[in-house]
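> The structure under discussion is supplied below as structure tokens; questions concerning it will follow.
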Amino acid sequence: MRIALIDPSLFTWPYDSALALALRDAGHTVRIFGKEPRAADTGPALELLEPHFYREIEPLVGRMPQPLFLGIKGLSHTFHMARLLRELRAFRPDVIHFQWAPLPAVDRLFLPALRRIAKTVLTVHDSAPFNGNPRSALQAAGAIKIMSSFDRLIVHTEAAAQRLRSYGMRPEQVVRVPHGPLEGSTPPVRRAARDAQAPVTVLLFGRIKHYKGTDLLLRAAAEMRRDLLARTRIRVVGQPFIDLAPLHELVANAGISDYVQIEPRFVSDQEVSELLGAADIVALPYREIDASGVLMTAISAGVPIVATRVGLFAELLQDGVHGKLIDVEDHSALARALEALVESSELRERMGTQVRALRDALPTWNSIAQQTTSLYEALVPTPRPSKASDPLYVHGGP
């Protein structure tokens, strides 16, 4: 089968690359249509990447007001979607599998033509589009309506499937396929033994956005018992997509600056491994989420996880087994959960052992590729014959 994976902004490159490689290993010809990779985007899946989108405007990032840049990016996206039609007609895929439709109002205009080329699938990573916080009104427009235009919709959780059905999607249109484990370029390096006198490190990593609840973690720190807070170091590490001034003000007003580090920067796969290797607890106080690449990466570290009862957090993690689950927006409960884990190294070790067992029990990407292939085959019972002589159809693309 020939499969085109579409992720214009490479929003979920770790997921894209893991899925693409597993599909390739299953014998399919796969191409990923996205943008130019960052220097930190590494791995064998780069051989499958066609840097189709936004090449002309990437040098403008950060050089103009965001509203103006987003407008230019929208025009560029429209142009590249039109050009994508030409490339896909040449590639002749059996399935066009979108990971994201970043401008739904625009993308929906192209779907009739795309469906004349091949069957279409959308992985709905956020059943509440853009986690309820789109970067612009243009991005939000039509985000739910576009879902009905695809032949199949993939979700990772039962909660997401229920939400899509509540939107009016046909039950047979929505298929649940699990999310696989994600790791950095190297496995997390765990210290052989913890110094009993060393602070307990609580880590929140990844893109800093409102829905991820960084402010809730800081409010929880402010409510912790001072003797336990004194034994704690809270690290917030990631590229900011919000104004950090209110967070710094919160830290200063609460008098917790000695215990909190906010490190606003892009985090490479290598650094994620290092961060997780030094963490004792991972905090995920999200307000909204379906599946989470951050969660699947955190599980690889084998440390306790404190998370809210939403999406895959609630479906995959067991309260009191893999860590602690709390209600959304309940920073007081978050404080109590952190206190319990900071106070007891035995509790951290026991829960970490259970997280490692969970990691080992997760579906493999080969299994996920098989389930995804079954979905494709239900749509395309007779794939087009391969053209072995055409370089477009060699694994890895041109």
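Identifiers in the structure tokens: chain A, B, ... in order shown; residue index from 1 per chain; ligand index from 1 in order shown.
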Would you mind listing what lies within 9 Å of Thr373 (chain A) as a ChimeraX atom specification, with only C-alpha atoms counted and same-chain residues fewer than 5 positions away left out?
/A:1,23,26,368,378
> What are the DSSP strand (DSSP E) residues of region 22-227 of chain A, as a short mmCIF file (atom, residue, chain, number, x, y, z; two decimals) with C-alpha atoms, in the first residue's frame?

```cif
data_model
loop_
_atom_site.label_atom_id
_atom_site.label_comp_id
_atom_site.auth_asym_id
_atom_site.auth_seq_id
_atom_site.Cartn_x
_atom_site.Cartn_y
_atom_site.Cartn_z
CA THR A 29 5.49 2.74 0.95
CA VAL A 30 5.18 5.83 3.12
CA ARG A 31 5.82 9.52 2.60
CA ILE A 32 5.35 12.25 5.21
CA PHE A 33 4.35 15.64 3.81
CA GLY A 34 5.36 18.33 6.30
CA LYS A 35 7.67 21.30 6.66
CA LEU A 49 9.86 13.29 4.97
CA GLU A 50 8.95 15.53 2.05
CA PRO A 51 9.46 19.17 3.23
CA HIS A 52 6.51 20.46 1.25
CA PHE A 53 5.00 23.19 3.44
CA VAL A 95 -4.66 6.39 1.59
CA ILE A 96 -4.16 10.04 2.47
CA HIS A 97 -3.78 10.13 6.24
CA PHE A 98 -3.87 13.57 7.88
CA LYS A 119 -9.44 7.46 0.70
CA THR A 120 -8.88 9.97 3.50
CA VAL A 121 -8.22 9.45 7.21
CA LEU A 122 -7.75 11.98 10.01
CA THR A 123 -6.15 11.24 13.36
CA ARG A 152 -12.38 7.55 8.83
CA LEU A 153 -11.40 9.28 12.06
CA ILE A 154 -8.78 7.76 14.38
CA VAL A 155 -8.90 8.55 18.11
CA VAL A 174 -14.71 6.68 14.37
CA VAL A 175 -12.02 4.04 15.05
CA ARG A 176 -9.95 3.80 18.20
CA VAL A 200 13.03 15.70 44.90
CA THR A 201 12.71 16.97 41.32
CA VAL A 202 9.22 17.53 39.93
CA LEU A 203 9.26 18.00 36.14
CA LEU A 204 6.76 19.59 33.78
CA PHE A 205 8.18 19.61 30.25
#
```
> Any chance you could list, as JSON, numbers by chain, the residues in region 110-346 of chain A that come up helix (DSSP H, G or I) when DSSP is run on the backbone?
{"A": [110, 111, 112, 113, 114, 115, 116, 117, 129, 130, 131, 132, 137, 138, 139, 140, 145, 146, 147, 148, 149, 158, 159, 160, 161, 162, 163, 164, 165, 166, 171, 172, 173, 210, 211, 212, 214, 215, 216, 217, 218, 219, 220, 221, 222, 223, 226, 227, 228, 229, 245, 246, 247, 248, 249, 250, 251, 252, 253, 254, 257, 258, 259, 269, 270, 271, 272, 273, 274, 275, 276, 277, 293, 294, 295, 296, 297, 298, 299, 311, 312, 313, 314, 315, 316, 331, 332, 333, 334, 335, 336, 337, 338, 339, 340, 341, 342, 343, 345, 346]}
> What's the 12 Å shell around region 162-169 of chain A, counting only C-alpha atoms, without same-chain residues fewer than 2 positions away, as number ranges by chain?
A: 123-129, 143-160, 171-176, 290, 311
> Write a file of the just-selected residues containing C-alpha atoms, as a PDB file, in the first residue's frame.

```pdb
ATOM      1  CA  THR A 123      -6.148  11.235  13.360  1.00  0.00           C
ATOM      2  CA  VAL A 124      -8.010  13.456  15.820  1.00  0.00           C
ATOM      3  CA  HIS A 125      -5.270  14.188  18.324  1.00  0.00           C
ATOM      4  CA  ASP A 126      -7.459  16.842  20.004  1.00  0.00           C
ATOM      5  CA  SER A 127     -11.182  16.057  20.100  1.00  0.00           C
ATOM      6  CA  ALA A 128     -11.583  19.522  21.628  1.00  0.00           C
ATOM      7  CA  PRO A 129      -9.860  21.225  18.670  1.00  0.00           C
ATOM      8  CA  ALA A 143     -12.357  22.549  13.150  1.00  0.00           C
ATOM      9  CA  ILE A 144     -15.258  20.232  13.981  1.00  0.00           C
ATOM     10  CA  LYS A 145     -17.100  20.453  10.692  1.00  0.00           C
ATOM     11  CA  ILE A 146     -14.088  19.225   8.718  1.00  0.00           C
ATOM     12  CA  MET A 147     -14.101  15.921  10.611  1.00  0.00           C
ATOM     13  CA  SER A 148     -17.257  14.759   8.832  1.00  0.00           C
ATOM     14  CA  SER A 149     -15.494  15.085   5.458  1.00  0.00           C
ATOM     15  CA  PHE A 150     -13.010  12.262   6.135  1.00  0.00           C
ATOM     16  CA  ASP A 151     -13.702   8.593   5.423  1.00  0.00           C
ATOM     17  CA  ARG A 152     -12.382   7.546   8.832  1.00  0.00           C
ATOM     18  CA  LEU A 153     -11.396   9.284  12.057  1.00  0.00           C
ATOM     19  CA  ILE A 154      -8.784   7.759  14.382  1.00  0.00           C
ATOM     20  CA  VAL A 155      -8.897   8.552  18.110  1.00  0.00           C
ATOM     21  CA  HIS A 156      -6.754   7.243  20.949  1.00  0.00           C
ATOM     22  CA  THR A 157      -9.253   7.238  23.830  1.00  0.00           C
ATOM     23  CA  GLU A 158     -12.833   6.192  24.461  1.00  0.00           C
ATOM     24  CA  ALA A 159     -13.568   9.678  25.782  1.00  0.00           C
ATOM     25  CA  ALA A 160     -12.492  11.150  22.437  1.00  0.00           C
ATOM     26  CA  PRO A 171     -20.180   5.542  14.843  1.00  0.00           C
ATOM     27  CA  GLU A 172     -18.611   3.514  12.011  1.00  0.00           C
ATOM     28  CA  GLN A 173     -16.543   6.542  11.007  1.00  0.00           C
ATOM     29  CA  VAL A 174     -14.705   6.680  14.369  1.00  0.00           C
ATOM     30  CA  VAL A 175     -12.022   4.043  15.051  1.00  0.00           C
ATOM     31  CA  ARG A 176      -9.947   3.803  18.205  1.00  0.00           C
ATOM     32  CA  ASP A 290      -6.965  13.459  24.611  1.00  0.00           C
ATOM     33  CA  GLY A 311      -8.244  11.864  28.337  1.00  0.00           C
TER      34      GLY A 311
END
```
> Check the smallest atom-to-atom distance from each of A:Glu274, A:Asp7, A:Asp319, A:Glu223 to Leu334 (chain A) using only C-alpha atoms, then report the winner.
A:Glu223
> From the list A:Thr214, A:Ser292, A:Gln270, A:Thr232, which residue is nearest Leu247 (chain A) when using only C-alpha atoms?
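For Leu247 (chain A), the nearest of the given residues is A:Thr214.
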> Counting only C-alpha atoms, which residue out of A:Leu88, A:Pro246, A:Arg108, A:Ala333 sits closest to Thr308 (chain A)?
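Checking each of A:Leu88, A:Pro246, A:Arg108, A:Ala333 against Thr308 (chain A), counting only C-alpha atoms, the winner is A:Ala333.
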> Under the rule that only C-alpha atoms are counted, which of A:Gln354, A:Ser273, A:Ala254, A:Leu217 is the nearest residue to Tyr286 (chain A)?
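Result for the nearest residue to Tyr286 (chain A): A:Leu217.
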> In Å, rounded to a single decimal, give me how far CA of Ala101 (chain A) is from CA of Tyr54 (chain A).
14.4 Å
